[in-house]
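Content type TSV, C-alpha atoms, from the file run.tsv:
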chain	number	residue	atom	x	y	z
M	1459	ASN	CA	0.00	0.00	0.00
M	1460	ALA	CA	1.31	3.43	-0.95
M	1461	GLY	CA	-1.03	5.18	1.51
M	1462	VAL	CA	-1.53	8.80	0.46
M	1463	THR	CA	0.43	10.08	-2.52
M	1464	GLN	CA	0.78	13.66	-3.72
M	1465	THR	CA	2.11	15.18	-6.93
M	1466	PRO	CA	4.09	17.22	-7.56
M	1467	LYS	CA	6.58	17.29	-4.69
M	1468	PHE	CA	7.74	20.80	-5.48
M	1469	GLN	CA	6.47	23.55	-7.76
M	1470	VAL	CA	7.41	27.13	-8.55
M	1471	LEU	CA	4.71	29.36	-10.00
M	1472	LYS	CA	4.55	32.96	-11.08
M	1473	THR	CA	1.81	35.19	-9.69
M	1474	GLY	CA	-1.39	34.65	-11.67
M	1475	GLN	CA	-0.54	31.18	-12.93
M	1476	SER	CA	-2.81	28.26	-12.19
M	1477	MET	CA	-2.06	24.73	-11.14
M	1478	THR	CA	-3.66	21.61	-9.71
M	1479	LEU	CA	-2.24	19.59	-6.86
M	1480	GLN	CA	-3.09	15.92	-7.08
M	1481	CYS	CA	-3.79	13.54	-4.21
M	1482	ALA	CA	-4.69	9.87	-4.18
M	1483	GLN	CA	-5.22	7.31	-1.41
M	1484	ASP	CA	-5.41	3.54	-1.63
M	1485	MET	CA	-6.86	2.83	1.82
M	1486	ASN	CA	-10.51	2.98	0.72
M	1487	HIS	CA	-11.10	5.92	3.04
M	1488	ASN	CA	-14.30	7.91	2.75
M	1489	SER	CA	-12.96	11.30	3.84
M	1490	MET	CA	-10.17	13.39	2.36
M	1491	TYR	CA	-8.65	16.74	3.31
M	1492	TRP	CA	-6.35	19.48	2.07
M	1493	TYR	CA	-4.23	21.44	4.55
M	1494	ARG	CA	-1.60	24.09	4.28
M	1495	GLN	CA	1.28	24.44	6.70
M	1496	ASP	CA	2.91	27.79	7.31
M	1497	PRO	CA	5.65	28.63	9.84
M	1498	GLY	CA	4.20	29.21	13.30
M	1499	MET	CA	0.67	28.40	12.12
M	1500	GLY	CA	0.39	24.64	12.31
M	1501	LEU	CA	-1.80	22.96	9.71
M	1502	ARG	CA	-4.89	24.79	8.53
M	1503	LEU	CA	-7.74	23.07	6.75
M	1504	ILE	CA	-8.46	24.42	3.27
M	1505	TYR	CA	-11.21	22.08	2.07
M	1506	TYR	CA	-12.44	18.63	2.91
M	1507	SER	CA	-14.56	15.94	1.38
M	1508	ALA	CA	-16.55	13.93	3.90
M	1509	SER	CA	-17.47	11.35	1.27
M	1510	GLU	CA	-17.34	10.83	-2.45
M	1511	GLY	CA	-19.41	13.49	-4.17
M	1512	THR	CA	-19.27	16.07	-1.38
M	1513	THR	CA	-16.88	18.91	-0.61
M	1514	ASP	CA	-16.93	21.63	2.05
M	1515	LYS	CA	-14.91	24.65	3.00
M	1516	GLY	CA	-12.44	24.55	5.82
M	1517	GLU	CA	-10.73	27.35	7.68
M	1518	VAL	CA	-8.89	29.01	4.76
M	1519	PRO	CA	-10.70	28.23	1.46
M	1520	ASN	CA	-10.27	31.55	-0.34
M	1521	GLY	CA	-8.28	31.26	-3.57
M	1522	TYR	CA	-8.72	27.49	-3.85
M	1523	ASN	CA	-11.10	25.02	-5.44
M	1524	VAL	CA	-11.30	21.27	-5.01
M	1525	SER	CA	-12.63	18.27	-6.87
M	1526	ARG	CA	-13.38	14.85	-5.41
M	1527	LEU	CA	-12.85	12.97	-8.64
M	1528	ASN	CA	-13.73	9.57	-7.17
M	1529	LYS	CA	-13.27	7.82	-3.84
M	1530	ARG	CA	-9.50	7.65	-4.31
M	1531	GLU	CA	-8.66	11.10	-5.65
M	1532	PHE	CA	-9.04	14.63	-4.30
M	1533	SER	CA	-7.44	17.52	-6.17
M	1534	LEU	CA	-6.74	21.10	-5.11
M	1535	ARG	CA	-6.69	23.87	-7.72
M	1536	LEU	CA	-5.20	27.33	-7.52
M	1537	GLU	CA	-6.84	29.36	-10.29
M	1538	SER	CA	-4.65	32.46	-9.98
M	1539	ALA	CA	-1.71	31.91	-7.65
M	1540	ALA	CA	-0.64	34.64	-5.24
M	1541	PRO	CA	2.56	34.93	-3.16
M	1542	SER	CA	0.42	34.44	-0.03
M	1543	GLN	CA	-0.24	30.90	-1.25
M	1544	THR	CA	3.43	29.98	-0.88
M	1545	SER	CA	3.22	27.11	1.56
M	1546	VAL	CA	3.53	23.38	2.05
M	1547	TYR	CA	0.32	21.58	1.13
M	1548	PHE	CA	-0.67	18.29	2.70
M	1549	CYS	CA	-3.42	15.95	1.62
M	1550	ALA	CA	-4.87	13.54	4.17
M	1551	SER	CA	-7.52	10.86	4.37
M	1552	SER	CA	-9.46	9.18	7.15
M	1553	ASP	CA	-11.95	6.41	7.62
M	1554	LYS	CA	-14.94	8.01	9.32
M	1555	GLY	CA	-13.90	11.62	9.46
M	1556	GLU	CA	-15.18	12.19	12.97
M	1557	GLY	CA	-12.08	12.67	15.04
M	1558	GLU	CA	-10.53	9.61	13.45
M	1559	THR	CA	-6.86	9.38	12.70
M	1560	GLN	CA	-5.87	11.10	9.51
M	1561	TYR	CA	-3.20	9.71	7.23
M	1562	PHE	CA	-1.08	12.32	5.49
M	1563	GLY	CA	0.76	12.44	2.21
M	1564	PRO	CA	4.37	13.64	1.97
M	1565	GLY	CA	3.39	17.18	0.99
M	1566	THR	CA	3.79	19.55	-1.95
M	1567	ARG	CA	6.08	22.53	-1.47
M	1568	LEU	CA	4.74	25.46	-3.49
M	1569	LEU	CA	6.58	28.71	-4.12
M	1570	VAL	CA	4.71	31.57	-5.77
M	1571	LEU	CA	6.92	34.36	-7.05
O	1085	ASP	CA	-8.13	33.20	17.55
O	1086	GLN	CA	-6.18	29.99	18.06
O	1087	GLN	CA	-8.41	27.28	19.45
O	1088	VAL	CA	-5.47	24.92	20.02
O	1089	LYS	CA	-2.28	26.38	21.41
O	1090	GLN	CA	1.16	24.92	21.85
O	1091	ASN	CA	3.00	27.65	23.67
O	1092	SER	CA	6.46	26.13	23.51
O	1093	PRO	CA	7.94	26.37	20.00
O	1094	SER	CA	10.81	24.10	20.99
O	1095	LEU	CA	12.00	21.76	23.73
O	1096	SER	CA	15.42	20.21	24.31
O	1097	VAL	CA	15.80	17.05	26.39
O	1098	GLN	CA	18.64	14.67	27.20
O	1099	GLU	CA	18.39	11.12	25.92
O	1100	GLY	CA	16.80	8.82	28.49
O	1101	ARG	CA	14.95	11.62	30.28
O	1102	ILE	CA	11.27	12.49	30.09
O	1103	SER	CA	9.90	14.84	27.41
O	1104	ILE	CA	6.71	16.69	28.27
O	1105	LEU	CA	4.90	18.54	25.50
O	1106	ASN	CA	1.93	20.71	26.42
O	1107	CYS	CA	-1.20	21.81	24.62
O	1108	ASP	CA	-4.12	24.05	25.62
O	1109	TYR	CA	-7.48	24.40	23.92
O	1110	THR	CA	-10.34	26.84	24.23
O	1111	ASN	CA	-13.32	25.11	22.62
O	1112	SER	CA	-15.21	22.99	25.17
O	1113	MET	CA	-16.95	21.18	22.29
O	1114	PHE	CA	-13.73	19.34	21.42
O	1115	ASP	CA	-14.02	15.75	22.53
O	1116	TYR	CA	-11.22	13.98	20.71
O	1117	PHE	CA	-7.56	14.88	20.89
O	1118	LEU	CA	-4.62	13.61	18.89
O	1119	TRP	CA	-0.86	14.00	18.71
O	1120	TYR	CA	0.96	13.81	15.41
O	1121	LYS	CA	4.69	13.60	14.82
O	1122	LYS	CA	6.40	15.15	11.82
O	1123	TYR	CA	9.89	14.69	10.46
O	1124	PRO	CA	11.35	17.17	7.94
O	1125	ALA	CA	10.15	16.74	4.36
O	1126	GLU	CA	7.52	14.18	5.43
O	1127	GLY	CA	3.84	14.35	6.23
O	1128	PRO	CA	2.62	14.18	9.83
O	1129	THR	CA	2.03	10.71	11.23
O	1130	PHE	CA	-0.42	9.79	13.95
O	1131	LEU	CA	1.13	9.09	17.34
O	1132	ILE	CA	-1.54	8.76	20.01
O	1133	SER	CA	-5.05	9.98	20.77
O	1134	ILE	CA	-7.45	10.36	23.66
O	1135	SER	CA	-11.18	10.69	23.95
O	1136	SER	CA	-12.67	13.24	26.32
O	1137	ILE	CA	-14.20	10.47	28.42
O	1138	LYS	CA	-10.71	9.43	29.49
O	1139	ASP	CA	-7.98	11.27	31.34
O	1140	LYS	CA	-5.04	9.12	30.28
O	1141	ASN	CA	-4.02	6.96	27.37
O	1142	GLU	CA	-0.78	5.05	27.14
O	1143	ASP	CA	1.01	3.43	24.21
O	1144	GLY	CA	4.50	2.17	24.94
O	1145	ARG	CA	6.77	5.10	25.72
O	1146	PHE	CA	4.03	7.62	24.93
O	1147	THR	CA	1.32	8.74	27.34
O	1148	VAL	CA	-1.24	11.47	26.80
O	1149	PHE	CA	-2.95	13.12	29.77
O	1150	LEU	CA	-6.15	15.15	29.48
O	1151	ASN	CA	-7.37	17.66	32.04
O	1152	LYS	CA	-10.79	18.76	30.81
O	1153	SER	CA	-11.42	21.28	33.56
O	1154	ALA	CA	-8.19	23.07	32.65
O	1155	LYS	CA	-8.64	22.44	28.92
O	1156	HIS	CA	-5.12	21.13	28.86
O	1157	LEU	CA	-3.42	18.03	27.52
O	1158	SER	CA	0.13	16.84	27.61
O	1159	LEU	CA	2.24	14.23	25.88
O	1160	HIS	CA	4.87	12.41	27.92
O	1161	ILE	CA	7.68	10.49	26.24
O	1162	VAL	CA	9.66	8.22	28.54
O	1163	PRO	CA	12.46	7.50	27.97
O	1164	SER	CA	13.24	9.99	25.23
O	1165	GLN	CA	15.36	8.78	22.33
O	1166	PRO	CA	17.24	10.71	19.62
O	1167	GLY	CA	14.83	9.31	17.03
O	1168	ASP	CA	12.04	11.18	18.82
O	1169	SER	CA	13.50	14.46	17.58
O	1170	ALA	CA	10.71	15.88	15.42
O	1171	VAL	CA	7.90	18.42	15.42
O	1172	TYR	CA	4.88	17.36	17.48
O	1173	PHE	CA	1.42	18.70	16.65
O	1174	CYS	CA	-1.47	18.66	19.05
O	1175	ALA	CA	-4.88	18.43	17.36
O	1176	ALA	CA	-8.51	18.50	18.47
O	1177	SER	CA	-11.88	17.78	16.93
O	1178	ASP	CA	-15.52	17.44	17.94
O	1179	THR	CA	-17.72	14.42	17.35
O	1180	GLY	CA	-19.63	14.71	14.11
O	1181	GLY	CA	-17.28	17.31	12.71
O	1182	PHE	CA	-14.58	16.94	10.11
O	1183	LYS	CA	-12.66	20.03	11.06
O	1184	THR	CA	-9.67	18.98	13.08
O	1185	ILE	CA	-7.82	21.98	14.52
O	1186	PHE	CA	-4.06	21.77	14.84
O	1187	GLY	CA	-1.69	23.61	17.12
O	1188	ALA	CA	1.40	25.35	15.77
O	1189	GLY	CA	3.67	22.50	16.83
O	1190	THR	CA	6.57	22.00	19.24
O	1191	ARG	CA	9.98	21.02	17.92
O	1192	LEU	CA	11.57	18.42	20.20
O	1193	PHE	CA	15.34	17.93	20.26
O	1194	VAL	CA	16.59	14.84	22.07
O	1195	LYS	CA	20.32	15.07	22.71
O	1196	ALA	CA	22.42	11.91	22.80
Please express what this file holds, its structure, as structure tokens.
Amino acid sequence: NAGVTQTPKFQVLKTGQSMTLQCAQDMNHNSMYWYRQDPGMGLRLIYYSASEGTTDKGEVPNGYNVSRLNKREFSLRLESAAPSQTSVYFCASSDKGEGETQYFGPGTRLLVL
Amino acid sequence: DQQVKQNSPSLSVQEGRISILNCDYTNSMFDYFLWYKKYPAEGPTFLISISSIKDKNEDGRFTVFLNKSAKHLSLHIVPSQPGDSAVYFCAASDTGGFKTIFGAGTRLFVKA
């Protein structure tokens, strides 16, 4: 089992460019999440998908969109990147989504110039 | 307004001694608490959790204590090992919710 995989590992964008971060899990989990980690801020929830076909906003959704493509895949899109979106992005999945353990991917380091 | 606070950005401990990492929360609706460990360039990994109906949970060298009246939890690592050097995140969630709130993390250094 690969667990949670994320692509790309690292990306440099110019302000205004768009990109999609990909995430996939092979644990048959119902719930998936996107977080960003910034120095001194911990992990902040951007969007989550409680189950296939549903998505909801988290703490910091502005500037992002998500797609739950199927049970395995959950993508995060930046339509017009801004320097404030420079961060490390983590995808996670969990079984029930109610306080259950979340399993994280290795992260995508994004730099917006 | 930070609902989960880890007030110590870093902690240094000698190998073999006890490491105590602290976490405070403000939302009384939280009823499930977790600790995650993170090494550089990797994603966080689950370490230990505790439900609000308990005040202690132990797993090997790791013990989490919960004081609901003080809205405080702590992670004890005994004995500490150099491989424990990592960033530790405290997290909290409420039953029925999907929004786990993370603290800012504490970087633990275990000196050999």
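Put simply, atom CA of M:Val1570 is 13.6 Å away from atom CA of M:Thr1478.
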- If we count only C-alpha atoms, which residues of chain O reach to within 12 Å of chain M? Please list them as a ChimeraX atom specification. /O:1085-1094,1114-1136,1171-1191
Now that the selection is made, can you save its residues with C-alpha atoms as a tab-separated table (two decimals), in the coordinates of the input?
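Writing the result to again.tsv gives the following:
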chain	number	residue	atom	x	y	z
O	1085	ASP	CA	-8.13	33.20	17.55
O	1086	GLN	CA	-6.18	29.99	18.06
O	1087	GLN	CA	-8.41	27.28	19.45
O	1088	VAL	CA	-5.47	24.92	20.02
O	1089	LYS	CA	-2.28	26.38	21.41
O	1090	GLN	CA	1.16	24.92	21.85
O	1091	ASN	CA	3.00	27.65	23.67
O	1092	SER	CA	6.46	26.13	23.51
O	1093	PRO	CA	7.94	26.37	20.00
O	1094	SER	CA	10.81	24.10	20.99
O	1114	PHE	CA	-13.73	19.34	21.42
O	1115	ASP	CA	-14.02	15.75	22.53
O	1116	TYR	CA	-11.22	13.98	20.71
O	1117	PHE	CA	-7.56	14.88	20.89
O	1118	LEU	CA	-4.62	13.61	18.89
O	1119	TRP	CA	-0.86	14.00	18.71
O	1120	TYR	CA	0.96	13.81	15.41
O	1121	LYS	CA	4.69	13.60	14.82
O	1122	LYS	CA	6.40	15.15	11.82
O	1123	TYR	CA	9.89	14.69	10.46
O	1124	PRO	CA	11.35	17.17	7.94
O	1125	ALA	CA	10.15	16.74	4.36
O	1126	GLU	CA	7.52	14.18	5.43
O	1127	GLY	CA	3.84	14.35	6.23
O	1128	PRO	CA	2.62	14.18	9.83
O	1129	THR	CA	2.03	10.71	11.23
O	1130	PHE	CA	-0.42	9.79	13.95
O	1131	LEU	CA	1.13	9.09	17.34
O	1132	ILE	CA	-1.54	8.76	20.01
O	1133	SER	CA	-5.05	9.98	20.77
O	1134	ILE	CA	-7.45	10.36	23.66
O	1135	SER	CA	-11.18	10.69	23.95
O	1136	SER	CA	-12.67	13.24	26.32
O	1171	VAL	CA	7.90	18.42	15.42
O	1172	TYR	CA	4.88	17.36	17.48
O	1173	PHE	CA	1.42	18.70	16.65
O	1174	CYS	CA	-1.47	18.66	19.05
O	1175	ALA	CA	-4.88	18.43	17.36
O	1176	ALA	CA	-8.51	18.50	18.47
O	1177	SER	CA	-11.88	17.78	16.93
O	1178	ASP	CA	-15.52	17.44	17.94
O	1179	THR	CA	-17.72	14.42	17.35
O	1180	GLY	CA	-19.63	14.71	14.11
O	1181	GLY	CA	-17.28	17.31	12.71
O	1182	PHE	CA	-14.58	16.94	10.11
O	1183	LYS	CA	-12.66	20.03	11.06
O	1184	THR	CA	-9.67	18.98	13.08
O	1185	ILE	CA	-7.82	21.98	14.52
O	1186	PHE	CA	-4.06	21.77	14.84
O	1187	GLY	CA	-1.69	23.61	17.12
O	1188	ALA	CA	1.40	25.35	15.77
O	1189	GLY	CA	3.67	22.50	16.83
O	1190	THR	CA	6.57	22.00	19.24
O	1191	ARG	CA	9.98	21.02	17.92
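Coordinates place atom CA of M:His1487 at a distance of 12.9 Å from atom CA of M:Asn1459.
Using all atoms listed in the file, the nearest neighbour of M:Asp1484 within the list M:Ser1551, M:Glu1510, M:Val1524, M:Ser1542 is M:Ser1551.
Atom pair atom CA of M:Pro1519 / atom CA of M:Gln1480 has a distance of 16.8 Å (rounded to one decimal).
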Could N, CA, C and O atoms be built for stretch 1535-1556 of chain M and written out as an mmCIF file, keeping the file's coordinate frame?
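Written file, result_39.cif:
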data_model
loop_
_atom_site.group_PDB
_atom_site.id
_atom_site.type_symbol
_atom_site.label_atom_id
_atom_site.label_comp_id
_atom_site.auth_asym_id
_atom_site.auth_seq_id
_atom_site.Cartn_x
_atom_site.Cartn_y
_atom_site.Cartn_z
ATOM 1 N N ARG M 1535 -7.052 23.001 -6.600
ATOM 2 C CA ARG M 1535 -6.690 23.870 -7.720
ATOM 3 C C ARG M 1535 -6.516 25.305 -7.248
ATOM 4 O O ARG M 1535 -7.357 25.826 -6.496
ATOM 5 N N LEU M 1536 -5.431 25.902 -7.704
ATOM 6 C CA LEU M 1536 -5.200 27.330 -7.520
ATOM 7 C C LEU M 1536 -5.446 27.983 -8.867
ATOM 8 O O LEU M 1536 -4.717 27.723 -9.831
ATOM 9 N N GLU M 1537 -6.470 28.777 -8.999
ATOM 10 C CA GLU M 1537 -6.840 29.360 -10.290
ATOM 11 C C GLU M 1537 -5.910 30.504 -10.686
ATOM 12 O O GLU M 1537 -5.541 30.671 -11.830
ATOM 13 N N SER M 1538 -5.527 31.324 -9.721
ATOM 14 C CA SER M 1538 -4.650 32.460 -9.980
ATOM 15 C C SER M 1538 -3.743 32.618 -8.761
ATOM 16 O O SER M 1538 -4.116 33.256 -7.781
ATOM 17 N N ALA M 1539 -2.573 31.995 -8.835
ATOM 18 C CA ALA M 1539 -1.710 31.910 -7.650
ATOM 19 C C ALA M 1539 -1.235 33.285 -7.189
ATOM 20 O O ALA M 1539 -0.967 34.188 -7.996
ATOM 21 N N ALA M 1540 -1.133 33.416 -5.871
ATOM 22 C CA ALA M 1540 -0.640 34.640 -5.240
ATOM 23 C C ALA M 1540 0.520 34.281 -4.314
ATOM 24 O O ALA M 1540 0.568 33.158 -3.795
ATOM 25 N N PRO M 1541 1.436 35.224 -4.071
ATOM 26 C CA PRO M 1541 2.560 34.930 -3.160
ATOM 27 C C PRO M 1541 2.114 34.432 -1.789
ATOM 28 O O PRO M 1541 2.817 33.646 -1.149
ATOM 29 N N SER M 1542 0.934 34.879 -1.328
ATOM 30 C CA SER M 1542 0.420 34.440 -0.030
ATOM 31 C C SER M 1542 0.082 32.956 -0.010
ATOM 32 O O SER M 1542 -0.148 32.380 1.068
ATOM 33 N N GLN M 1543 0.032 32.332 -1.175
ATOM 34 C CA GLN M 1543 -0.240 30.900 -1.250
ATOM 35 C C GLN M 1543 1.036 30.056 -1.242
ATOM 36 O O GLN M 1543 0.973 28.828 -1.343
ATOM 37 N N THR M 1544 2.174 30.712 -1.099
ATOM 38 C CA THR M 1544 3.430 29.980 -0.880
ATOM 39 C C THR M 1544 3.305 29.238 0.437
ATOM 40 O O THR M 1544 3.057 29.840 1.484
ATOM 41 N N SER M 1545 3.468 27.932 0.374
ATOM 42 C CA SER M 1545 3.220 27.110 1.560
ATOM 43 C C SER M 1545 3.591 25.668 1.249
ATOM 44 O O SER M 1545 3.981 25.328 0.130
ATOM 45 N N VAL M 1546 3.451 24.828 2.263
ATOM 46 C CA VAL M 1546 3.530 23.380 2.050
ATOM 47 C C VAL M 1546 2.119 22.838 2.175
ATOM 48 O O VAL M 1546 1.436 23.106 3.169
ATOM 49 N N TYR M 1547 1.686 22.091 1.180
ATOM 50 C CA TYR M 1547 0.320 21.580 1.130
ATOM 51 C C TYR M 1547 0.316 20.085 1.423
ATOM 52 O O TYR M 1547 1.067 19.316 0.821
ATOM 53 N N PHE M 1548 -0.542 19.698 2.345
ATOM 54 C CA PHE M 1548 -0.670 18.290 2.700
ATOM 55 C C PHE M 1548 -2.091 17.819 2.404
ATOM 56 O O PHE M 1548 -3.069 18.479 2.744
ATOM 57 N N CYS M 1549 -2.155 16.650 1.809
ATOM 58 C CA CYS M 1549 -3.420 15.950 1.620
ATOM 59 C C CYS M 1549 -3.493 14.867 2.692
ATOM 60 O O CYS M 1549 -2.462 14.316 3.110
ATOM 61 N N ALA M 1550 -4.688 14.580 3.163
ATOM 62 C CA ALA M 1550 -4.870 13.540 4.170
ATOM 63 C C ALA M 1550 -6.166 12.796 3.902
ATOM 64 O O ALA M 1550 -7.054 13.290 3.188
ATOM 65 N N SER M 1551 -6.276 11.614 4.473
ATOM 66 C CA SER M 1551 -7.520 10.860 4.370
ATOM 67 C C SER M 1551 -7.809 10.205 5.710
ATOM 68 O O SER M 1551 -6.910 10.025 6.549
ATOM 69 N N SER M 1552 -9.072 9.877 5.932
ATOM 70 C CA SER M 1552 -9.460 9.180 7.150
ATOM 71 C C SER M 1552 -10.657 8.306 6.883
ATOM 72 O O SER M 1552 -11.354 8.454 5.880
ATOM 73 N N ASP M 1553 -10.912 7.407 7.849
ATOM 74 C CA ASP M 1553 -11.950 6.410 7.620
ATOM 75 C C ASP M 1553 -13.340 6.989 7.840
ATOM 76 O O ASP M 1553 -14.171 6.977 6.969
ATOM 77 N N LYS M 1554 -13.590 7.528 9.023
ATOM 78 C CA LYS M 1554 -14.940 8.010 9.320
ATOM 79 C C LYS M 1554 -15.032 9.519 9.319
ATOM 80 O O LYS M 1554 -16.086 10.075 9.161
ATOM 81 N N GLY M 1555 -13.908 10.169 9.525
ATOM 82 C CA GLY M 1555 -13.900 11.620 9.460
ATOM 83 C C GLY M 1555 -14.352 12.317 10.721
ATOM 84 O O GLY M 1555 -14.370 13.525 10.800
ATOM 85 N N GLU M 1556 -14.707 11.555 11.741
ATOM 86 C CA GLU M 1556 -15.180 12.190 12.970
ATOM 87 C C GLU M 1556 -14.151 11.972 14.074
ATOM 88 O O GLU M 1556 -14.282 11.117 14.922
#
